[in-house]
Structure formats: structure tokens, C-alpha cells
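Colleague: mmCIF, C-alpha atoms and all ligand atoms, file target_9.cif:
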```
data_start
loop_
_atom_site.label_atom_id
_atom_site.label_comp_id
_atom_site.auth_asym_id
_atom_site.auth_seq_id
_atom_site.Cartn_x
_atom_site.Cartn_y
_atom_site.Cartn_z
CA MET A 200 39.57 4.70 -5.75
CA LYS A 201 37.19 3.10 -8.30
CA ARG A 202 35.14 0.33 -6.76
CA SER A 203 34.04 -2.85 -8.45
CA TYR A 204 30.33 -3.43 -9.07
CA ASP A 205 30.78 -6.60 -11.16
CA THR A 206 28.66 -8.86 -8.94
CA SER A 207 25.77 -6.38 -8.97
CA LYS A 208 26.07 -6.17 -12.74
CA ALA A 209 26.03 -9.97 -13.09
CA TRP A 210 22.94 -10.23 -10.86
CA TYR A 211 21.24 -7.54 -12.92
CA GLU A 212 21.92 -9.45 -16.15
CA ARG A 213 20.42 -12.56 -14.55
CA ALA A 214 17.50 -10.69 -12.95
CA LYS A 215 16.36 -9.14 -16.24
CA LYS A 216 15.48 -12.58 -17.57
CA SER A 217 12.81 -13.16 -14.93
CA LEU A 218 12.16 -9.89 -13.12
CA SER A 219 10.84 -7.20 -15.41
CA ALA A 220 13.60 -4.64 -16.02
CA GLY A 221 15.46 -6.43 -13.21
CA VAL A 222 13.60 -4.54 -10.48
CA SER A 223 10.36 -4.59 -8.47
CA SER A 224 9.70 -0.84 -8.51
CA GLN A 225 10.32 1.52 -11.42
CA PHE A 226 12.07 3.92 -9.04
CA ARG A 227 14.85 1.32 -8.65
CA VAL A 228 15.84 1.38 -12.31
CA ALA A 229 19.34 2.89 -12.39
CA LYS A 230 22.10 3.54 -14.88
CA PRO A 231 24.30 1.72 -15.81
CA HIS A 232 22.50 -0.93 -13.71
CA PRO A 233 20.77 -1.16 -10.33
CA MET A 234 22.89 -2.19 -7.35
CA PHE A 235 22.20 -5.35 -5.39
CA TYR A 236 22.53 -5.19 -1.62
CA GLU A 237 23.22 -7.84 0.95
CA ARG A 238 22.97 -6.28 4.39
CA ALA A 239 22.17 -3.03 6.18
CA GLU A 240 22.89 -1.83 9.70
CA GLY A 241 22.66 1.63 11.29
CA PRO A 242 23.68 4.15 8.59
CA TRP A 243 25.51 1.49 6.56
CA LEU A 244 24.69 -0.65 3.54
CA TRP A 245 26.79 -3.45 2.06
CA ASP A 246 26.37 -4.37 -1.59
CA VAL A 247 26.99 -7.79 -3.10
CA ASP A 248 30.49 -6.71 -4.22
CA GLY A 249 31.43 -6.06 -0.58
CA ASN A 250 31.33 -2.25 -0.94
CA LYS A 251 30.36 -0.55 2.32
CA LEU A 252 28.25 2.58 1.80
CA LEU A 253 27.17 5.36 4.12
CA ASP A 254 23.48 5.57 3.30
CA PHE A 255 21.44 8.76 2.88
CA THR A 256 18.85 7.03 0.72
CA LEU A 257 17.28 5.27 3.73
CA ALA A 258 15.21 3.05 1.44
CA GLN A 259 13.58 6.23 0.01
CA GLY A 260 12.78 7.49 3.49
CA PRO A 261 11.39 4.75 5.72
CA MET A 262 14.55 3.94 7.72
CA ILE A 263 14.21 6.95 10.01
CA LEU A 264 15.93 5.15 12.90
CA GLY A 265 18.64 3.71 10.65
CA HIS A 266 18.79 0.15 9.33
CA SER A 267 18.15 -2.87 11.54
CA GLU A 268 17.40 -0.82 14.68
CA PRO A 269 17.60 -3.56 17.36
CA ARG A 270 14.45 -2.51 19.28
CA VAL A 271 12.37 -2.55 16.09
CA LEU A 272 13.75 -5.95 15.07
CA ASP A 273 13.02 -7.34 18.57
CA ALA A 274 9.45 -6.05 18.38
CA ILE A 275 9.00 -7.67 14.97
CA GLN A 276 10.41 -10.98 16.18
CA ASP A 277 8.22 -10.93 19.24
CA ALA A 278 5.12 -10.27 17.10
CA MET A 279 6.11 -12.99 14.64
CA SER A 280 6.33 -15.55 17.40
CA ARG A 281 2.58 -15.05 17.91
CA GLY A 282 1.55 -15.36 14.23
CA GLN A 283 1.47 -13.10 11.21
CA LEU A 284 -2.11 -12.26 10.34
CA PHE A 285 -5.49 -13.10 11.87
CA ALA A 286 -8.00 -11.50 9.44
CA GLY A 287 -9.39 -10.19 12.69
CA GLN A 288 -8.59 -7.53 15.21
CA HIS A 289 -5.73 -7.42 17.67
CA GLU A 290 -4.92 -5.16 20.59
CA GLN A 291 -1.75 -3.67 19.13
CA GLU A 292 -3.51 -2.01 16.22
CA VAL A 293 -5.78 -0.19 18.65
CA LEU A 294 -2.75 0.94 20.67
CA LEU A 295 -1.13 2.19 17.47
CA ALA A 296 -4.28 4.03 16.37
CA GLU A 297 -4.52 5.65 19.81
CA MET A 298 -0.91 6.73 19.65
CA LEU A 299 -1.46 8.32 16.23
CA CYS A 300 -4.61 10.09 17.46
CA GLU A 301 -2.60 11.58 20.33
CA THR A 302 0.27 12.66 18.08
CA ILE A 303 -1.25 13.91 14.81
CA PRO A 304 -3.46 17.03 15.03
CA SER A 305 -6.04 15.99 12.40
CA ALA A 306 -6.31 12.39 13.65
CA GLU A 307 -9.79 11.82 15.02
CA ARG A 308 -10.01 8.47 13.23
CA ILE A 309 -7.51 6.10 11.63
CA ARG A 310 -7.53 3.21 9.16
CA PHE A 311 -4.43 1.20 8.29
CA SER A 312 -3.37 0.18 4.77
CA SER A 313 -0.14 -1.22 3.42
CA THR A 314 1.20 1.48 1.08
CA GLY A 315 1.05 5.19 0.50
CA SER A 316 -0.51 4.81 -2.94
CA GLU A 317 -3.47 2.90 -1.51
CA ALA A 318 -3.92 5.39 1.30
CA ASP A 319 -3.98 8.32 -1.15
CA HIS A 320 -6.52 6.47 -3.26
CA ALA A 321 -8.76 5.89 -0.24
CA VAL A 322 -8.74 9.44 1.13
CA ILE A 323 -9.62 10.89 -2.28
CA ARG A 324 -12.60 8.54 -2.39
CA MET A 325 -13.60 9.62 1.12
CA ALA A 326 -13.30 13.31 0.23
CA ARG A 327 -15.50 12.91 -2.85
CA HIS A 328 -18.18 11.10 -0.93
CA ALA A 329 -18.24 13.53 1.99
CA THR A 330 -18.37 16.65 -0.16
CA LYS A 331 -20.55 15.15 -2.92
CA LYS A 332 -18.24 16.79 -5.46
CA GLN A 333 -15.88 15.42 -8.09
CA LYS A 334 -12.87 17.57 -8.95
CA ILE A 335 -9.50 17.32 -7.21
CA ILE A 336 -6.80 19.99 -7.25
CA LYS A 337 -3.33 18.45 -7.60
CA PHE A 338 -0.09 20.40 -7.93
CA GLU A 339 2.60 20.11 -10.61
CA GLY A 340 5.47 17.89 -9.51
CA HIS A 341 3.68 16.39 -6.52
CA TYR A 342 3.58 12.62 -6.18
CA HIS A 343 0.65 10.86 -4.57
CA GLY A 344 1.40 7.28 -5.53
CA TRP A 345 1.19 5.47 -8.84
CA PHE A 346 -2.58 4.82 -9.15
CA ASP A 347 -4.50 6.06 -12.21
CA GLU A 348 -6.42 8.73 -10.37
CA VAL A 349 -3.32 10.82 -9.60
CA ALA A 350 -0.84 9.67 -12.26
CA TYR A 351 -0.67 13.09 -13.91
CA SER A 352 1.90 15.92 -13.96
CA VAL A 353 4.31 14.11 -11.64
CA ASN A 354 7.45 15.11 -13.53
CA PRO A 355 6.48 16.74 -16.84
CA THR A 356 9.16 18.16 -19.11
CA ALA A 357 9.30 21.89 -19.85
CA ASP A 358 7.71 21.21 -23.25
CA GLN A 359 4.76 19.38 -21.70
CA LEU A 360 3.90 21.85 -18.94
CA GLY A 361 1.81 24.33 -20.90
CA ASP A 362 0.77 27.78 -19.79
CA ARG A 363 1.42 28.43 -16.08
CA ALA A 364 -2.02 30.02 -15.72
CA ASN A 365 -3.65 26.87 -17.06
CA PRO A 366 -1.20 23.96 -16.89
CA ASN A 367 -1.62 20.80 -18.94
CA ARG A 368 -2.62 17.57 -17.26
CA VAL A 369 0.33 15.45 -18.32
CA PRO A 370 -0.19 11.67 -18.10
CA TRP A 371 2.67 10.01 -16.21
CA SER A 372 2.12 6.51 -17.55
CA GLY A 373 0.69 4.60 -20.46
CA GLY A 374 -2.39 2.50 -19.80
CA LEU A 375 -4.45 5.15 -18.02
CA PRO A 376 -8.18 4.90 -18.81
CA ASP A 377 -9.49 7.56 -21.18
CA GLY A 378 -10.73 10.44 -19.12
CA SER A 379 -9.08 9.28 -15.91
CA GLY A 380 -7.60 12.74 -15.49
CA ASP A 381 -10.75 14.68 -16.39
CA HIS A 382 -11.53 15.30 -12.73
CA LEU A 383 -8.06 16.68 -12.01
CA ILE A 384 -7.20 20.38 -11.93
CA VAL A 385 -3.44 20.73 -12.10
CA LEU A 386 -1.94 23.93 -10.67
CA PRO A 387 1.50 25.36 -9.91
CA TRP A 388 2.32 24.96 -6.21
CA ASN A 389 2.96 27.69 -3.66
CA ASP A 390 0.72 30.13 -5.50
CA ILE A 391 -2.43 30.79 -3.49
CA ASP A 392 -3.83 33.13 -6.15
CA ALA A 393 -3.80 30.25 -8.66
CA VAL A 394 -5.80 28.15 -6.21
CA GLU A 395 -8.26 30.97 -5.61
CA ARG A 396 -8.75 31.42 -9.35
CA ALA A 397 -9.40 27.68 -9.77
CA PHE A 398 -12.07 27.81 -7.08
CA VAL A 399 -13.71 30.75 -8.83
CA ARG A 400 -13.70 28.86 -12.13
CA HIS A 401 -14.93 25.51 -10.76
CA ARG A 402 -16.79 26.97 -7.79
CA ASP A 403 -19.10 24.17 -6.67
CA ASP A 404 -17.30 21.21 -8.08
CA ILE A 405 -14.03 20.90 -6.13
CA ALA A 406 -14.06 18.02 -3.67
CA ALA A 407 -10.48 18.31 -2.42
CA VAL A 408 -7.07 19.91 -2.64
CA ILE A 409 -4.33 17.34 -2.21
CA THR A 410 -0.79 18.49 -1.50
CA GLU A 411 2.53 17.31 -0.16
CA PRO A 412 2.87 19.90 2.64
CA VAL A 413 6.55 20.10 1.72
CA MET A 414 7.13 19.39 -1.97
CA CYS A 415 9.58 16.63 -1.08
CA ASN A 416 9.53 14.72 -4.34
CA GLN A 417 10.77 17.63 -6.44
CA GLY A 418 13.33 19.99 -4.96
CA CYS A 419 12.27 19.54 -1.29
CA ILE A 420 10.53 22.90 -1.35
CA GLU A 421 8.92 24.26 1.79
CA PRO A 422 5.55 26.03 1.58
CA GLN A 423 5.73 29.81 1.32
CA PRO A 424 4.64 31.51 4.56
CA GLY A 425 0.83 31.46 4.66
CA PHE A 426 0.40 29.07 1.71
CA LEU A 427 -0.88 26.07 3.71
CA GLN A 428 -3.09 28.32 5.83
CA GLY A 429 -4.37 29.90 2.60
CA LEU A 430 -5.34 26.43 1.34
CA ARG A 431 -7.05 25.76 4.67
CA ASN A 432 -9.08 28.98 4.41
CA ILE A 433 -10.13 28.39 0.79
CA CYS A 434 -11.17 24.80 1.49
CA ASP A 435 -13.21 25.95 4.50
CA GLU A 436 -14.89 28.62 2.45
CA HIS A 437 -15.90 26.19 -0.30
CA ASP A 438 -16.54 23.02 1.71
CA ALA A 439 -13.68 21.17 0.03
CA ALA A 440 -11.43 18.71 1.85
CA LEU A 441 -7.81 19.68 2.46
CA ILE A 442 -5.66 16.55 2.15
CA PHE A 443 -2.01 16.47 3.27
CA ASP A 444 0.05 13.69 1.75
CA GLU A 445 2.46 13.16 4.65
CA ILE A 446 4.02 9.98 3.30
CA ILE A 447 7.45 11.66 3.46
CA THR A 448 6.90 14.49 5.95
CA GLY A 449 5.12 12.27 8.49
CA PHE A 450 7.23 11.50 11.61
CA ARG A 451 10.17 13.13 9.82
CA ILE A 452 9.70 16.91 9.73
CA ASN A 453 7.85 16.51 13.06
CA VAL A 454 6.59 13.40 14.84
CA GLY A 455 3.09 14.87 14.40
CA GLY A 456 3.73 15.55 10.72
CA ALA A 457 3.95 18.76 8.72
CA GLN A 458 0.51 19.63 10.08
CA ARG A 459 1.97 19.96 13.56
CA HIS A 460 5.16 21.60 12.28
CA TYR A 461 3.37 24.33 10.31
CA GLY A 462 0.29 24.54 12.56
CA VAL A 463 -2.25 23.90 9.77
CA THR A 464 -4.67 21.01 10.28
CA PRO A 465 -5.98 19.26 7.17
CA ASP A 466 -9.23 17.31 6.97
CA LEU A 467 -7.53 14.14 5.82
CA ALA A 468 -3.93 12.99 5.67
CA VAL A 469 -1.93 9.93 4.74
CA PHE A 470 1.15 8.60 6.50
CA GLY A 471 3.49 5.76 5.56
CA LYS A 472 7.23 5.30 4.93
CA ALA A 473 8.82 6.14 8.33
CA LEU A 474 5.78 4.73 10.18
CA GLY A 475 6.86 1.15 9.55
CA SER A 476 10.67 1.42 9.59
CA GLY A 477 10.78 -0.47 6.30
CA LEU A 478 7.70 -2.66 6.71
CA PRO A 479 4.60 -2.02 4.60
CA ILE A 480 2.13 -0.02 6.66
CA SER A 481 0.35 3.24 5.92
CA ALA A 482 -2.37 5.17 7.72
CA LEU A 483 -5.42 7.10 6.54
CA VAL A 484 -5.95 9.80 9.12
CA GLY A 485 -8.49 12.54 9.58
CA LYS A 486 -11.61 14.16 10.87
CA ALA A 487 -14.44 11.92 11.99
CA ARG A 488 -16.81 13.51 9.46
CA TYR A 489 -14.84 11.89 6.62
CA PHE A 490 -14.74 8.47 8.29
CA ASP A 491 -18.50 8.41 8.95
CA ALA A 492 -19.12 6.95 5.50
CA ILE A 493 -16.65 4.12 6.15
CA GLU A 494 -18.40 3.46 9.45
CA SER A 495 -21.81 3.38 7.75
CA ASN A 496 -20.36 1.20 4.96
CA ASP A 497 -21.16 3.79 2.28
CA VAL A 498 -17.48 4.11 1.36
CA PHE A 499 -15.43 0.97 1.02
CA HIS A 500 -11.89 0.53 2.31
CA ALA A 501 -10.25 -2.86 2.80
CA GLY A 502 -7.06 -4.89 2.46
CA THR A 503 -6.23 -8.51 3.30
CA LEU A 504 -2.86 -7.59 4.78
CA ASN A 505 -3.93 -4.39 6.56
CA SER A 506 -2.61 -4.05 10.13
CA ASN A 507 -0.90 -7.42 10.16
CA ASN A 508 0.90 -8.16 13.43
CA ILE A 509 4.38 -7.63 12.11
CA CYS A 510 3.88 -4.24 10.49
CA VAL A 511 1.93 -2.96 13.46
CA ALA A 512 4.67 -4.11 15.84
CA ALA A 513 7.29 -2.31 13.73
CA ALA A 514 5.19 0.86 13.73
CA LEU A 515 4.46 0.78 17.47
CA SER A 516 8.11 0.34 18.23
CA THR A 517 9.26 3.04 15.77
CA LEU A 518 6.76 5.57 17.03
CA SER A 519 7.53 4.78 20.69
CA ILE A 520 11.22 5.42 20.07
CA LEU A 521 10.48 8.72 18.29
CA LEU A 522 8.17 9.86 21.08
CA GLU A 523 10.16 8.77 24.15
CA ASN A 524 11.99 11.35 26.31
CA ASP A 525 10.05 14.29 24.90
CA GLU A 526 10.83 13.23 21.34
CA ALA A 527 14.59 13.36 21.98
CA THR A 528 15.41 11.01 19.09
CA HIS A 529 13.38 13.10 16.71
CA HIS A 530 15.03 16.34 17.88
CA GLN A 531 18.38 14.70 17.25
CA ILE A 532 17.39 13.73 13.68
CA VAL A 533 16.31 17.32 12.98
CA LYS A 534 19.57 18.71 14.37
CA THR A 535 21.68 16.23 12.42
CA GLY A 536 19.80 16.99 9.21
CA GLN A 537 20.04 20.75 9.58
CA THR A 538 23.75 20.55 10.38
CA LEU A 539 24.39 18.38 7.33
CA ARG A 540 22.27 20.60 5.08
CA ASP A 541 24.18 23.72 6.20
CA ARG A 542 27.60 22.09 5.92
CA LEU A 543 26.81 20.86 2.42
CA GLN A 544 25.44 24.25 1.37
CA ALA A 545 28.73 25.82 2.51
CA LEU A 546 30.43 23.85 -0.29
CA SER A 547 28.97 26.29 -2.83
CA THR A 548 32.36 28.04 -2.46
CA ILE A 549 33.70 25.18 -4.64
CA ASP A 550 30.94 25.36 -7.26
CA ASN A 551 28.55 28.30 -7.29
CA GLN A 552 25.84 26.23 -9.02
CA TRP A 553 25.66 23.98 -5.94
CA HIS A 554 22.38 24.56 -4.11
CA VAL A 555 20.98 22.81 -1.03
CA GLN A 556 17.51 23.45 0.44
CA GLY A 557 14.89 21.82 2.64
CA PRO A 558 13.87 21.60 6.27
CA GLY A 559 16.73 19.32 7.39
CA PRO A 560 15.47 15.83 8.26
CA MET A 561 15.13 15.70 4.47
CA PHE A 562 16.58 18.17 1.99
CA HIS A 563 17.52 18.49 -1.67
CA ALA A 564 20.90 19.07 -3.26
CA GLY A 565 21.65 19.89 -6.87
CA PHE A 566 23.29 22.20 -9.40
CA LEU A 567 21.23 25.19 -10.52
CA LYS A 568 21.97 26.13 -14.11
CA GLU A 569 20.55 29.59 -13.45
CA PRO A 570 20.48 31.16 -9.98
CA GLY A 571 17.25 32.20 -8.27
CA PRO A 572 14.69 30.85 -5.84
CA VAL A 573 13.26 27.35 -6.17
CA ARG A 574 9.62 27.64 -5.08
CA GLU A 575 7.66 25.39 -7.40
CA TYR A 576 8.06 22.57 -9.92
CA ARG A 577 8.88 24.87 -12.86
CA ASP A 578 11.90 26.15 -10.91
CA VAL A 579 13.11 22.59 -10.32
CA LEU A 580 13.60 22.24 -14.08
CA ARG A 581 16.60 24.58 -13.72
CA TYR A 582 18.57 21.82 -11.98
CA ASP A 583 21.29 20.16 -14.05
CA THR A 584 20.35 16.50 -13.58
CA GLU A 585 23.20 15.16 -15.71
CA LYS A 586 25.74 16.99 -13.55
CA TYR A 587 24.09 15.72 -10.37
CA GLY A 588 24.34 12.18 -11.80
CA ARG A 589 28.12 12.65 -12.02
CA PHE A 590 28.16 13.92 -8.44
CA VAL A 591 26.20 10.85 -7.25
CA ARG A 592 28.67 8.53 -8.98
CA GLY A 593 31.57 10.42 -7.39
CA LEU A 594 30.02 9.99 -3.95
CA ALA A 595 29.43 6.27 -4.56
CA ASP A 596 33.11 5.86 -5.43
CA ARG A 597 33.85 7.48 -2.04
CA GLY A 598 31.51 5.14 -0.16
CA VAL A 599 28.37 7.29 0.09
CA ARG A 600 24.94 6.39 -1.31
CA VAL A 601 22.39 9.10 -2.13
CA ILE A 602 19.20 9.21 -4.22
CA GLY A 603 19.86 10.13 -7.86
CA ARG A 604 17.17 12.82 -8.07
CA GLY A 605 18.64 14.95 -5.27
CA LEU A 606 16.62 14.13 -2.14
CA TRP A 607 18.64 13.33 1.00
CA TYR A 608 17.28 11.59 4.08
CA VAL A 609 18.90 11.64 7.53
CA SER A 610 18.34 9.06 10.28
CA ALA A 611 18.87 8.68 14.03
CA ALA A 612 21.85 6.47 13.20
CA HIS A 613 23.87 9.26 11.54
CA THR A 614 26.47 10.74 13.90
CA ALA A 615 28.85 13.71 13.72
CA GLU A 616 31.54 11.37 12.45
CA HIS A 617 29.33 10.23 9.57
CA LEU A 618 28.62 13.85 8.69
CA ASP A 619 32.36 14.58 8.54
CA GLN A 620 32.77 11.63 6.21
CA VAL A 621 30.02 12.66 3.81
CA VAL A 622 31.00 16.34 3.78
CA ASP A 623 34.60 15.34 2.95
CA ALA A 624 33.34 13.03 0.19
CA ALA A 625 31.08 15.76 -1.23
CA ALA A 626 33.87 18.37 -1.13
CA SER A 627 36.36 16.12 -2.87
CA THR A 628 33.78 15.09 -5.48
CA LEU A 629 32.89 18.73 -6.20
CA LYS A 630 36.59 19.60 -6.52
CA GLU A 631 37.20 16.68 -8.84
CA MET A 632 34.26 17.82 -11.00
CA GLN A 633 35.93 21.24 -11.33
CA THR A 634 39.04 19.64 -12.79
CA PRO A 635 38.87 19.37 -16.59
CA SER A 636 39.15 15.67 -17.52
C1 LIG A 701 4.43 11.96 -1.09
C2 LIG A 701 4.21 10.52 -1.47
N1 LIG A 701 2.97 10.05 -1.54
C3 LIG A 701 2.71 8.76 -1.85
C4 LIG A 701 3.73 7.88 -2.12
C5 LIG A 701 3.43 6.47 -2.48
O1 LIG A 701 3.75 5.63 -1.42
P1 LIG A 701 4.05 4.09 -1.69
O2 LIG A 701 5.31 4.02 -2.46
O3 LIG A 701 4.16 3.50 -0.30
O4 LIG A 701 2.87 3.54 -2.43
C6 LIG A 701 5.06 8.33 -2.06
C7 LIG A 701 6.18 7.44 -2.35
O5 LIG A 701 7.31 7.81 -2.48
C8 LIG A 701 5.31 9.69 -1.73
O6 LIG A 701 6.54 10.19 -1.68
#
```
Would it be possible to restate this file's structure as C-alpha cells?
Ligand SMILES: Cc1ncc(COP(=O)(O)O)c(C=O)c1O
Modeller:
Amino acid sequence: MKRSYDTSKAWYERAKKSLSAGVSSQFRVAKPHPMFYERAEGPWLWDVDGNKLLDFTLAQGPMILGHSEPRVLDAIQDAMSRGQLFAGQHEQEVLLAEMLCETIPSAERIRFSSTGSEADHAVIRMARHATKKQKIIKFEGHYHGWFDEVAYSVNPTADQLGDRANPNRVPWSGGLPDGSGDHLIVLPWNDIDAVERAFVRHRDDIAAVITEPVMCNQGCIEPQPGFLQGLRNICDEHDAALIFDEIITGFRINVGGAQRHYGVTPDLAVFGKALGSGLPISALVGKARYFDAIESNDVFHAGTLNSNNICVAAALSTLSILLENDEATHHQIVKTGQTLRDRLQALSTIDNQWHVQGPGPMFHAGFLKEPGPVREYRDVLRYDTEKYGRFVRGLADRGVRVIGRGLWYVSAAHTAEHLDQVVDAAASTLKEMQTPS
């Protein structure tokens, strides 16, 4: 059953000599070596060794319609035939902005960028300017891109966390400027009392609370009932901006984002990943009040490649497909995801540490060393990551690709037959792991 990965390995050895660590994003570093891929279509990926893999990685989320969706590729080709980039306006970006304003509850104004990290950076700047305050509340385990401003407490170890009532700000990277985290207040997530206490302590100095509305990057944890509304109320009370980082949840948990799904409207939000079906486009979205300063040129936002023809065409086409027929494609993704989540969770009869949770279009799977609820980052540390690594390798040997840290993404291209295949592969991997070697 063991597959060969020799060609990938050889390319990795060659890549390391020119490409730093052999990859272009640190998230692609993998043990024993990253895989090299050749082609992708629907739910399938082919690597350079000719292995065909059923893909639940979906390029870390963007491929919501599956790989190489023909209507998206046609739209891209059509746009390309008219040029790539004008450094000027074009009609399609207005159509896309209008579509987003109709679909996303908080969207009174839009700006396009290329990546999620940039968009997060921009909305924090906008929030500071509008509120004339400095401090930002960020939650343990949440990821808001790799820029200095938010590169703290992304995945701290148990030793680094500090007291839950007053968590440490743990730098996530070397090279951060001294003091770059001084404005950050790091809190445990899903605990509205902790947020209230922080507002009492720093009363007039908190510009914004930024949160993934579902803590997708660690454990795929949904907000506790009332938590998002609680954040909304506190921010209203203290004139702080509520920012939803919808880079993963956007178009996935609901076409209108987590804000439409949970019925809580933030002041500002960022969208990316699924918006472009694999092309680099992100959107800063929010209330007009926050965009006034961009319109008056008091807050600067720019980007040479912003809203280029090709990315906008991909986004228009992706969003049109998700919205058509009363969002039928999106409903199908949700149903597929929830079915897969439930069928995988049922495999806990094989291994009682096996635990699956999340809303469905994305969810998390792993092995809990100690039972109990997973509601915040500190709970995520109970997952046995080494054991999950063995599970991931077992799935790969059975032709299934998943993300190593436990997040699963489902697309419109996954059918009942694909679910049967992955559930069989997961069951046989779990059984094999029970057998003493
Ligand atoms: C919630 C969240 N915010 C921001 C980002 C950064 O987006 P990008 O990788 O496009 O810069 C990511 C990326 O995974 C993310 O998951």
C-alpha cells in the first residue's frame, strides 16, 4: 500500500538550494519533506510521483468550488484576453463590490487587497484612526496574518501561555520591532467576562477587538452562544470597533460570512481565501464611518496589484456560483461537510480519543489526550499532535490529503462517493493505529 514520494523528495532537495527551506510559505514546510504537485481537478490532486489524492486541504481553504472549476477558469481566461492590470478602474470591480455589499451584512463600503494579512493590517489601522485609540484585543490562538502588528500568541506552548487571567503576549516570530506588541491585549477566547475585565482595566484606550468568528485556525471552535453578541455589546458601549476576521469563515460557513450565520454584525471585516478560488484577492469590508478616513485620504490604503482583472474575474465568477439558485451550491457544501463531520465523528468507536468538531464546511479532527470540551486555545493543547501526524500519513498512503494540524475543508466538488472513500480510509487508518506494531 505504501506509495512512492521519491520525485517529490528529489525536487525538495533541489529546491532547498535556491528556494529558502524549499517552500514559498512557512505553512508549507512538512516532514519528512513537502510534496510537489502537478495538477488539480475537482476534489483531486496529482503529485509529481503520479499519486492521485482526494483533497480536503483545498489549498488551505480557497478552493471552495473544487480545483479547476471550469466556469471560474473560463472567467479568468476571458478577463486575461482583455489585459491583466490597468492601474485604473474597471467595471468588474464595481460589480464585485456591489455584490459583496448585497451579501455581507456589515458591508457598506469595500476596498480590495491581495491577501488576508494585508487586509487585517488595513482594518486595524482604520479602527485606530476612527476611534482615536491605540490598544487592540486579540485572542490566544487566533491568526490574523503574519504582519508584525498581530504576530503574537498565535500558537504558544503551554509553558509560554502564562496566567489565564492575564495571558502573556508571546511573539510568534523573530525580527519583530521592540514594543510592537505593546498595544496588544491578549485574552482567552470565548470568555466574555475576560473581555469585560479588560475593558474595565483599559477603559478608554481600546480601539478594537479582532476575532476569528469561528476559531478556525486552532481546533475549529465555534463561539459559545452569546459570545459574539457580547463582544458587539461591549464594543458599542465603549466605542471600540468589532472586527471579524472572516478569511476562513467568509463564503464558507455562510455566503454572507459568519456575521450572517450568527446574526452579529461587526464594524469591520476581512474576507479572502474562498473569494478568489485560489487567486490572490481579499476584501476590507465595513461600515461607512470607518471608510470615511480613506475617502478623505487621512488613512492610507493601496496596492499595485489590487483588483487586477484576473482576480476580480475569479471572484465574480466564484461568488455568482455560490449565490445562484438561492445559494444551492453553498447549501450543498454545508450538507456535505456536516455529513462528513458526523460520519468521521462516528469513528470514535474505534478510538475513544478521536474527536471531530466544527460547523461542517470546515471542521477539526484530532485525538484528545484527555476528554472534555474544546472551547478555547488552552483546550486545543490537549490534542495529541504526534498521533494525528501518524493518522495524516496513514490517510496519505490511502490516497487522501488533509492538513497536518487537523483542519478539514469541504468543497462543492466532493460527492457522496468521495465521502465513502475518505470515511473508509479514516476507519482503516484508525484500526491500523490500534494494532501494536
Ligand atoms: C483567519 C485568517 N486571517 C488571516 C489570514 C492571512 O491570510 P493570507 O494568508 O491571505 O495573508 C489567514 C490565513 O490563513 C487566516 O486563516
Colleague: Suppose you want the space between CA of Tyr211 in chain A and atom O2 of ligand LIG 701 (chain A); what is it in Å?
Modeller: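 That distance, rounded to one decimal, is 22.3 Å.
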Colleague: Taking 6 positions as the minimum chain separation for residues in the same chain, which residues sit within 12 Å of Glu526 in chain A when counting all atoms listed in the file? Answer as a PyMOL selection string.
Modeller: chain A and resi 302+450-451+453-455+517-520+532-533+611
Colleague: Go through A:Glu411, A:Asp377, A:Glu297, A:Glu631 and flag the residue nearest ligand LIG 701 (chain A), using all atoms listed in the file for the distances.
Modeller: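 Under the stated criterion, the closest residue is A:Glu411.
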Colleague: Mind listing the residues within 7 Å of ligand LIG 701 (chain A), all atoms listed in the file counted, as a list in words?
Modeller: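 Sorted by chain and then by number, the residues are Gln259, Thr314, Gly315, Ser316, Glu317, Asp319, Tyr342, His343, Gly344, Trp345, Glu411, Cys415, Asn416, Asp444, Glu445, Ile446, Ile447, Gly471 and Lys472 of chain A.
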Colleague: For range 596-602 of chain A, work out the shell of residues within 8 Å, counting all atoms listed in the file and skipping chain neighbours fewer than 2 positions away, then give it as a PDB file with C-alpha atoms, in the frame of the given file.
Modeller:
```
ATOM      1  CA  MET A 200      39.570   4.700  -5.750  1.00  0.00           C
ATOM      2  CA  LYS A 201      37.190   3.100  -8.300  1.00  0.00           C
ATOM      3  CA  ARG A 202      35.140   0.330  -6.760  1.00  0.00           C
ATOM      4  CA  ASN A 250      31.330  -2.250  -0.940  1.00  0.00           C
ATOM      5  CA  LYS A 251      30.360  -0.550   2.320  1.00  0.00           C
ATOM      6  CA  LEU A 252      28.250   2.580   1.800  1.00  0.00           C
ATOM      7  CA  LEU A 253      27.170   5.360   4.120  1.00  0.00           C
ATOM      8  CA  ASP A 254      23.480   5.570   3.300  1.00  0.00           C
ATOM      9  CA  PHE A 255      21.440   8.760   2.880  1.00  0.00           C
ATOM     10  CA  THR A 256      18.850   7.030   0.720  1.00  0.00           C
ATOM     11  CA  GLN A 259      13.580   6.230   0.010  1.00  0.00           C
ATOM     12  CA  VAL A 591      26.200  10.850  -7.250  1.00  0.00           C
ATOM     13  CA  ARG A 592      28.670   8.530  -8.980  1.00  0.00           C
ATOM     14  CA  GLY A 593      31.570  10.420  -7.390  1.00  0.00           C
ATOM     15  CA  LEU A 594      30.020   9.990  -3.950  1.00  0.00           C
ATOM     16  CA  ARG A 604      17.170  12.820  -8.070  1.00  0.00           C
ATOM     17  CA  GLY A 605      18.640  14.950  -5.270  1.00  0.00           C
ATOM     18  CA  LEU A 606      16.620  14.130  -2.140  1.00  0.00           C
ATOM     19  CA  TRP A 607      18.640  13.330   1.000  1.00  0.00           C
ATOM     20  CA  VAL A 621      30.020  12.660   3.810  1.00  0.00           C
ATOM     21  CA  ALA A 624      33.340  13.030   0.190  1.00  0.00           C
TER      22      ALA A 624
END
```
Colleague: Counting only C-alpha atoms, which residue out of A:Ala306, A:Ile420, A:Arg577, A:Glu585 sits closest to Pro355 in chain A?
Modeller: A:Arg577
Colleague: Counting all atoms listed in the file, I want the residues whose atoms come within 10 Å of (9.2, 2.0, 13.0) in the file frame, returned as a ChimeraX atom specification.
Modeller: /A:261-265,268,270-272,274-275,450,472-478,480,510-521
Colleague: Counting only C-alpha atoms, figure out which residue out of A:Thr528, A:Gln552, A:Asn508, A:Thr535 gets nearest to Glu616 in chain A.
Modeller: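 Distance minimum relative to Glu616 in chain A lands on A:Thr535.
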